[in-house]
Each structure stands twice: as structure tokens, then as C-alpha cells.
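A.B. asks: File name input21.cif; file contents mmCIF, C-alpha atoms; full text below.
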```cif
data_query
loop_
_atom_site.label_atom_id
_atom_site.label_comp_id
_atom_site.auth_asym_id
_atom_site.auth_seq_id
_atom_site.Cartn_x
_atom_site.Cartn_y
_atom_site.Cartn_z
CA LEU X 1 117.51 -9.81 31.83
CA HIS X 2 115.87 -12.47 33.94
CA ARG X 3 115.38 -16.20 33.70
CA VAL X 4 111.93 -17.44 32.75
CA ASP X 5 111.33 -20.90 34.17
CA ARG X 6 109.31 -23.65 32.50
CA ARG X 7 106.15 -22.89 34.49
CA GLN X 8 106.27 -19.21 33.53
CA ARG X 9 106.78 -20.09 29.85
CA GLN X 10 103.75 -22.34 29.94
CA MET X 11 101.65 -19.51 31.40
CA CYS X 12 102.63 -17.32 28.42
CA ILE X 13 100.93 -19.73 25.98
CA ARG X 14 97.41 -18.46 25.32
CA ASP X 15 94.46 -20.79 25.68
CA ARG X 16 93.78 -22.59 22.40
CA SER X 17 90.38 -23.09 20.81
CA TYR X 18 89.86 -26.14 18.60
CA THR X 19 87.10 -26.15 15.99
CA VAL X 20 86.04 -29.03 13.73
CA THR X 21 83.69 -28.21 10.84
CA LEU X 22 81.77 -31.05 9.17
CA ASP X 23 80.05 -31.24 5.78
CA MET X 24 77.67 -34.20 5.47
CA GLY X 25 76.94 -33.56 1.80
CA LYS X 26 73.19 -33.36 2.51
CA PRO X 27 70.85 -31.99 5.20
CA VAL X 28 71.17 -34.16 8.28
CA ALA X 29 70.54 -33.69 12.00
CA VAL X 30 73.66 -33.89 14.15
CA ASN X 31 72.32 -34.12 17.69
CA GLY X 32 75.29 -35.70 19.38
CA MET X 33 79.06 -35.81 19.34
CA LEU X 34 81.53 -38.29 20.75
CA TYR X 35 85.02 -36.98 21.52
CA ASP X 36 87.95 -39.15 22.52
CA PRO X 37 90.25 -36.90 24.63
CA LYS X 38 93.14 -39.36 24.34
CA SER X 39 93.29 -39.41 20.53
CA ALA X 40 91.35 -36.14 19.88
CA GLN X 41 89.13 -38.05 17.43
CA VAL X 42 85.62 -36.72 16.83
CA PHE X 43 82.53 -38.81 15.95
CA PRO X 44 79.32 -36.99 14.84
CA LEU X 45 76.13 -38.77 15.92
CA ASN X 46 72.43 -38.84 15.12
CA ASN X 47 70.45 -40.35 17.98
CA GLY X 48 73.57 -42.22 19.03
CA THR X 49 74.34 -43.56 15.55
CA PRO X 50 77.64 -42.50 13.89
CA LEU X 51 77.18 -40.34 10.78
CA SER X 52 79.22 -40.47 7.59
CA THR X 53 80.97 -37.24 6.66
CA GLU X 54 81.71 -36.00 3.13
CA SER X 55 84.39 -33.52 4.14
CA ALA X 56 85.77 -31.92 7.29
CA TRP X 57 88.43 -29.50 8.43
CA SER X 58 89.95 -28.41 11.73
CA GLU X 59 91.09 -25.05 13.03
CA GLN X 60 93.20 -24.02 16.00
CA SER X 61 93.12 -20.42 17.24
CA TYR X 62 93.34 -18.17 20.26
CA ALA X 63 91.32 -15.10 21.23
CA ARG X 64 92.66 -11.56 20.91
CA LYS X 65 91.14 -8.07 20.88
CA LYS X 66 91.16 -7.58 17.10
CA GLY X 67 89.71 -11.04 16.44
CA PRO X 68 90.80 -14.69 16.70
CA LYS X 69 94.37 -15.50 15.69
CA VAL X 70 94.25 -18.59 13.49
CA LEU X 71 97.23 -20.84 14.17
CA SER X 72 96.33 -23.65 11.78
CA ARG X 73 93.58 -24.77 9.44
CA ALA X 74 93.67 -28.15 7.72
CA PRO X 75 91.33 -30.42 5.74
CA LEU X 76 90.69 -33.71 7.50
CA ASN X 77 90.20 -37.29 6.39
CA PRO X 78 86.38 -37.65 6.67
CA ASN X 79 86.88 -41.22 7.88
CA ALA X 80 89.24 -40.19 10.69
CA ILE X 81 88.31 -36.77 12.09
CA PHE X 82 90.79 -35.31 14.59
CA ALA X 83 90.81 -31.98 16.40
CA ASN X 84 94.56 -32.29 17.01
CA PRO X 85 96.44 -30.44 14.19
CA ASN X 86 99.29 -32.98 14.30
CA ARG X 87 96.92 -35.90 13.74
CA ALA X 88 95.58 -34.14 10.63
CA LEU X 89 99.00 -34.65 9.01
CA GLU X 90 98.80 -38.44 9.25
CA GLN X 91 96.69 -38.64 6.08
CA PHE X 92 99.56 -37.37 3.90
CA HIS X 93 102.56 -39.23 2.52
CA GLN X 94 104.67 -36.08 2.11
CA ILE X 95 104.50 -32.64 3.71
CA TYR X 96 106.26 -29.51 2.47
CA ALA X 97 106.32 -26.07 4.10
CA VAL X 98 106.75 -23.14 1.71
CA ASP X 99 107.33 -19.56 2.86
CA THR X 100 108.41 -16.47 0.92
CA ASN X 101 109.99 -13.21 2.07
CA THR X 102 110.48 -10.17 -0.16
CA LYS X 103 112.72 -7.09 -0.04
CA VAL X 104 113.82 -4.37 -2.45
CA LEU X 105 117.60 -4.70 -2.88
CA GLU X 106 119.51 -2.33 -5.16
CA GLU X 107 116.23 -1.32 -6.85
CA ILE X 108 115.37 -4.99 -7.52
CA THR X 109 112.40 -6.60 -5.83
CA VAL X 110 113.87 -9.87 -4.57
CA SER X 111 111.67 -12.70 -3.26
CA VAL X 112 113.12 -15.81 -1.64
CA THR X 113 111.02 -18.93 -1.10
CA GLY X 114 112.19 -21.31 1.63
CA VAL X 115 111.28 -25.00 1.29
CA VAL X 116 111.17 -27.54 4.12
CA GLY X 117 110.20 -31.14 3.33
CA GLY X 118 109.17 -34.15 5.33
CA GLU X 119 107.63 -37.62 5.06
CA ASN X 120 105.33 -39.62 7.28
CA THR X 121 107.07 -42.70 8.64
CA LYS X 122 105.69 -45.58 10.68
CA ILE X 123 106.47 -45.70 14.39
CA ASP X 124 105.93 -48.27 17.13
CA ILE X 125 102.62 -46.73 18.26
CA PRO X 126 99.76 -48.45 16.34
CA GLY X 127 97.79 -46.09 14.12
CA HIS X 128 100.33 -43.27 14.38
CA THR X 129 103.08 -41.91 12.16
CA ALA X 130 105.92 -39.45 12.67
CA VAL X 131 106.91 -36.58 10.37
CA ARG X 132 110.65 -36.29 9.82
CA TYR X 133 111.48 -33.02 8.08
CA ARG X 134 114.48 -30.92 7.08
CA PRO X 135 115.27 -27.74 5.11
CA LEU X 136 115.64 -28.51 1.39
CA ASN X 137 116.45 -25.36 -0.57
CA CYS X 138 115.53 -21.77 -1.33
CA ILE X 139 114.31 -20.35 -4.64
CA GLU X 140 115.09 -16.73 -5.51
CA PHE X 141 112.86 -14.67 -7.83
CA HIS X 142 113.31 -11.14 -9.12
CA ASN X 143 110.51 -8.68 -9.84
CA VAL X 144 107.53 -11.01 -9.41
CA SER X 145 104.50 -9.56 -11.21
CA ALA X 146 101.82 -10.82 -8.79
CA LYS X 147 101.83 -12.56 -5.38
CA PRO X 148 105.38 -13.83 -4.64
CA GLU X 149 104.05 -16.30 -2.05
CA ASN X 150 101.73 -17.96 -4.56
CA LEU X 151 104.43 -18.07 -7.21
CA GLY X 152 106.60 -19.92 -4.68
CA TRP X 153 103.81 -22.47 -4.11
CA ARG X 154 103.46 -23.05 -7.85
CA GLU X 155 107.17 -23.52 -8.47
CA VAL X 156 107.60 -25.88 -5.51
CA ILE X 157 104.62 -27.98 -6.63
CA LYS X 158 106.02 -28.14 -10.17
CA GLY X 159 109.39 -29.18 -8.78
CA ILE X 160 107.79 -31.97 -6.73
CA MET X 161 105.88 -33.23 -9.77
CA ASN X 162 109.07 -33.27 -11.86
CA SER X 163 110.94 -35.32 -9.27
CA PRO X 164 111.76 -38.95 -10.26
CA ARG X 165 110.17 -40.13 -6.99
CA TYR X 166 106.87 -38.38 -7.66
CA SER X 167 103.65 -40.40 -7.86
CA ASN X 168 100.17 -38.94 -8.26
CA ARG X 169 98.94 -41.69 -5.94
CA ARG X 170 100.72 -40.07 -3.00
CA ARG X 171 98.83 -37.43 -1.01
CA ILE X 172 100.96 -34.33 -0.57
CA ALA X 173 100.37 -31.39 1.79
CA ILE X 174 101.78 -27.92 1.18
CA VAL X 175 101.93 -25.87 4.39
CA VAL X 176 101.59 -22.11 3.81
CA ASP X 177 101.07 -19.04 5.98
CA SER X 178 99.30 -16.59 3.66
CA ASP X 179 96.05 -16.20 1.67
CA LEU X 180 94.03 -17.87 4.44
CA GLY X 181 90.71 -16.66 3.07
CA MET X 182 91.36 -18.25 -0.33
CA ILE X 183 92.78 -21.63 0.71
CA GLY X 184 89.36 -23.32 0.68
CA SER X 185 88.78 -22.21 -2.92
CA TYR X 186 92.27 -23.31 -3.94
CA ASN X 187 91.73 -26.75 -2.40
CA LYS X 188 88.39 -27.12 -4.20
CA ARG X 189 90.09 -26.16 -7.49
CA GLU X 190 87.63 -23.26 -7.85
CA GLU X 191 90.44 -20.72 -8.21
CA PRO X 192 93.99 -20.98 -9.59
CA ILE X 193 96.76 -20.47 -7.05
CA PHE X 194 98.87 -18.41 -9.47
CA GLY X 195 98.11 -17.35 -13.06
CA ASP X 196 96.24 -20.24 -14.66
CA PHE X 197 97.82 -22.91 -12.43
CA TYR X 198 95.35 -24.90 -10.35
CA LEU X 199 96.29 -27.14 -7.42
CA PRO X 200 96.82 -30.73 -8.68
CA LYS X 201 94.28 -33.25 -7.35
CA ASN X 202 96.64 -35.08 -4.99
CA PHE X 203 97.89 -31.84 -3.38
CA ILE X 204 96.26 -30.03 -0.44
CA LEU X 205 97.11 -26.65 1.06
CA ILE X 206 97.29 -26.41 4.86
CA TYR X 207 97.47 -23.09 6.67
CA ALA X 208 99.86 -22.68 9.60
CA SER X 209 101.10 -19.46 11.19
CA SER X 210 104.87 -18.98 11.24
CA ASP X 211 104.82 -16.76 14.33
CA SER X 212 102.64 -18.86 16.69
CA GLY X 213 101.66 -22.44 17.42
CA SER X 214 105.15 -23.85 17.89
CA GLU X 215 103.66 -26.92 19.60
CA ASN X 216 102.42 -28.12 16.19
CA ILE X 217 104.49 -29.81 13.48
CA ALA X 218 103.06 -27.76 10.59
CA ASN X 219 103.80 -24.51 12.45
CA GLN X 220 107.33 -25.69 13.21
CA MET X 221 107.91 -26.48 9.54
CA ILE X 222 106.59 -23.16 8.22
CA ARG X 223 108.67 -21.30 10.81
CA LYS X 224 111.79 -23.12 9.60
CA ALA X 225 110.91 -22.26 5.99
CA ASP X 226 110.57 -18.61 7.01
CA GLU X 227 113.95 -18.75 8.80
CA ILE X 228 115.92 -20.14 5.86
CA SER X 229 114.26 -17.71 3.47
CA SER X 230 115.18 -14.80 5.76
CA VAL X 231 118.79 -16.00 6.02
CA ILE X 232 119.28 -16.05 2.22
CA LEU X 233 117.55 -12.69 1.85
CA GLY X 234 119.79 -11.27 4.57
CA GLU X 235 122.91 -12.49 2.79
CA LEU X 236 121.72 -10.96 -0.49
CA ALA X 237 121.14 -7.66 1.32
CA LYS X 238 124.84 -7.69 2.26
CA SER X 239 126.03 -8.56 -1.24
CA MET X 240 123.97 -9.01 -4.39
CA THR X 241 125.79 -11.55 -6.56
CA SER X 242 124.89 -12.64 -10.09
CA GLU X 243 126.52 -16.08 -9.81
CA GLY X 244 124.00 -18.78 -10.69
CA LEU X 245 121.31 -16.25 -11.61
CA MET X 246 119.21 -17.32 -14.61
CA ASP X 247 116.77 -15.52 -16.87
CA ALA X 248 113.14 -16.41 -16.18
CA SER X 249 111.36 -18.99 -18.31
CA ASP X 250 108.04 -17.11 -18.10
CA GLU X 251 106.88 -13.52 -17.74
CA SER X 252 105.85 -13.81 -14.07
CA TYR X 253 109.37 -12.77 -12.96
CA THR X 254 112.64 -11.68 -14.57
CA HIS X 255 115.32 -13.89 -12.97
CA THR X 256 115.61 -16.91 -10.71
CA ARG X 257 118.21 -18.88 -8.77
CA ILE X 258 118.25 -22.03 -6.62
CA TRP X 259 120.06 -21.97 -3.28
CA THR X 260 121.01 -25.47 -2.10
CA LEU X 261 121.25 -25.73 1.67
CA LYS X 262 123.83 -27.73 3.58
CA THR X 263 122.11 -29.86 6.24
#
```
Please re-express this file's structure in C-alpha cells.
C.D. replies:
Amino acid sequence: LHRVDRRQRQMCIRDRSYTVTLDMGKPVAVNGMLYDPKSAQVFPLNNGTPLSTESAWSEQSYARKKGPKVLSRAPLNPNAIFANPNRALEQFHQIYAVDTNTKVLEEITVSVTGVVGGENTKIDIPGHTAVRYRPLNCIEFHNVSAKPENLGWREVIKGIMNSPRYSNRRRIAIVVDSDLGMIGSYNKREEPIFGDFYLPKNFILIYASSDSGSENIANQMIRKADEISSVILGELAKSMTSEGLMDASDESYTHTRIWTLKT
């Protein structure tokens, strides 16, 4: 064993690439770009004149031999386009990270979804917010018939919508780390996320890797969701208990249970 100092740890972080993709909604010439390095805000230009954007999204990645590793991908506010993944979160009132792990235990396929929740709060820096988050709970499912990860998304979204504090006027982000190729279709409501359940209009899916990108808030949250899910699954591997286990209310799985976390 040897000590790795701060400088060495920094050298281990691979160079990041930041990509911002813009959709103007119509053919238009973008022949200039203004970038503010302090805020990471991007302004598309036509002959020096700012252009209006219909939609935009950002991506952070690093190069590797088998292809780029995507660390995060998030839709952006077209009126405030930022390359910084943390700034992309400022457009949301609430942010939840949802991650599912699955194991076969005593011939039962057990999936555990970890949920971490946070809210944007105002801070003393004008134009900025801070995300304060914490682990909320874990949801256990037995014998899921399709994608356990997507079932976890659906159940968490339903739980949020059934909360007394819920308002469809609040923009809510769900951070996930799977199904990257389909997230655009889910966000456009072109495809259901699970069964016949489509993403509600005030919800947006954000991709963040749970094994990289720890400098970003979304990646930190999804990593924590993965950790708490793994802890519950590890405890079940030691001892499968039936206490609190309920029969499923639909045919997508056979049993379910809520694990409340002490924080």
C-alpha cells in the first residue's frame, strides 16, 4: 500500500470532453459561438446575433479505446444553455436519483431500487442554486418480468406523484444510469418507460454514470442510490426475510417491500 497525494489523484482523472447539441427547430446557419468560461454558458450566433434555440442538451465524456465513456447527458433549458453538468440541474425544482441492482437469492430474482432525493435551494450567489440531497428509501421487487431498472423508475415516479407535496407545475428530474440510447425517446414521450407508462410531462430523465464523474452532483446522487441498493441487497443475501413483504398489485412482479432508511 502507498499513499496517493492530491496531485497524483488529480492526474488519475481523465480529460473530459463537453458537448452541447442545439436544435433550432428550423434550418438556420450557426456561424459563431460565444462561450463564457466562468459560467460555462453557451450562446449560438448568426453573424454575431444571438439565436433562439428550441431545445438543447449537454454531454460529458472521456475517451477510451472501445469508444467514449459517457459520464452524463442532460436536456438543457433552451434559454440558459450551459456546458457544465451541474448548471443543467438548476432548471429543476426537485431531483431524484434512482438505481436498481438485481441478484438471484434462494431461487428468487430480487431487485432493489435505491432512491436519493434532493431539492434546489437558493444560495447567496445570484443566479445559482444548490442541490441538497439525501437517501430516501429502497424498494424491493421479486421476479420482475421486464427491465427492473425501468420498473424502478415507474414506481418512484408514481410515488412522487402520489405525494401530498406534489405539483405538476414543478419540474422534476430523474437521474438514471441505464438505457442511455432510449432516454431521448422517453423524454419526448415517443416510447413508454415501462409497460404502457409514459414519462409525465413535468418529468425529465437525466443520464449519469454511477462509476465515474464524481465531480458532478448527478453522478454523486446516482452513486449513492447504487450504494444503498447494494447494501439492502447484501443484507438480503445474508438472510431472506418475509417481514413486510407484500403481494404485487400488478403482474410485472410477484412481491414488493419498502425499506425505510435511517438518515
A.B. asks: Running the PyMOL selection byres ((chain X and resi 204-211) around 6) on this model by hand, what would come out? Give it as a ChimeraX atom specification.
C.D. replies: /X:71-74,173-177,187,203,212,219,222-223
A.B. asks: Applied to the shown file, which residues does the PyMOL selection byres ((chain X and resi 197) around 12) return, written as a short mmCIF file (atom, residue, chain, number, x, y, z; two decimals) with C-alpha atoms, keeping the file's coordinate frame?
C.D. replies:
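So result-v3.cif came out as:
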```
data_model
loop_
_atom_site.label_atom_id
_atom_site.label_comp_id
_atom_site.auth_asym_id
_atom_site.auth_seq_id
_atom_site.Cartn_x
_atom_site.Cartn_y
_atom_site.Cartn_z
CA ASN X 150 101.73 -17.96 -4.56
CA LEU X 151 104.43 -18.07 -7.21
CA TRP X 153 103.81 -22.47 -4.11
CA ARG X 154 103.46 -23.05 -7.85
CA GLU X 155 107.17 -23.52 -8.47
CA ILE X 157 104.62 -27.98 -6.63
CA LYS X 158 106.02 -28.14 -10.17
CA TYR X 186 92.27 -23.31 -3.94
CA ARG X 189 90.09 -26.16 -7.49
CA GLU X 190 87.63 -23.26 -7.85
CA GLU X 191 90.44 -20.72 -8.21
CA PRO X 192 93.99 -20.98 -9.59
CA ILE X 193 96.76 -20.47 -7.05
CA PHE X 194 98.87 -18.41 -9.47
CA GLY X 195 98.11 -17.35 -13.06
CA ASP X 196 96.24 -20.24 -14.66
CA TYR X 198 95.35 -24.90 -10.35
CA LEU X 199 96.29 -27.14 -7.42
CA PRO X 200 96.82 -30.73 -8.68
#
```
A.B. asks: So what do you get for atom CA of Met24 of chain X versus atom CA of Leu180 of chain X, distance-wise?
C.D. replies: 23.1 Å
A.B. asks: Carefully work through the PyMOL selection byres ((chain X and resi 83-91) around 10) for this structure and note down the residues it includes, as a count of residues only.
C.D. replies: 48
A.B. asks: Atom CA of Glu251 of chain X and atom CA of Glu227 of chain X are how many Å apart?
C.D. replies: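 Taking atom CA of Glu251 of chain X as the start and atom CA of Glu227 of chain X as the end point, the length is 28.0 Å.
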A.B. asks: Leaving out Leu105 of chain X and any residue of its chain fewer than 3 positions from it, which residues lie within 12 Å of it when counting only C-alpha atoms, given as a list in words?
C.D. replies: Thr102, Ile108, Thr109, Val110, Ser111, His142, Asn143, Leu233, Gly234, Glu235, Leu236, Ala237, Lys238, Ser239, Met240 and Thr241 of chain X
A.B. asks: Work out how far atom CA of Glu107 of chain X is from atom CA of Val144 of chain X, in Å to one decimal.
C.D. replies: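 Answer for the atom CA of Val144 of chain X to atom CA of Glu107 of chain X separation: 13.3 Å.
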A.B. asks: Quick one: residues within 9 Å of segment 254-256 of chain X, all atoms listed in the file counted, chain neighbours fewer than 6 positions away excluded, as a PyMOL selection string?
C.D. replies: chain X and resi 139-144+244-248
A.B. asks: Just checking: using all atoms listed in the file, which residue out of X:Leu34, X:Arg14, X:Ile123, X:Ile183 ends up closest to Tyr62 of chain X?
C.D. replies: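 Under the stated criterion, the closest residue is X:Arg14.
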A.B. asks: Mind checking which residues fall within 12 Å of Pro27 of chain X, counting only C-alpha atoms, ignoring those fewer than 5 positions away in the same chain, and posting them as a list in words?
C.D. replies: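 The residues satisfying every condition are Leu22, Leu51, Thr53 and Glu54 of chain X.
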A.B. asks: Keeping only C-alpha atoms, write the selected residues to a file as a CSV table (one decimal), keeping the file's coordinate frame.
C.D. replies:
```csv
chain,number,residue,atom,x,y,z
X,22,LEU,CA,81.8,-31.0,9.2
X,51,LEU,CA,77.2,-40.3,10.8
X,53,THR,CA,81.0,-37.2,6.7
X,54,GLU,CA,81.7,-36.0,3.1
```
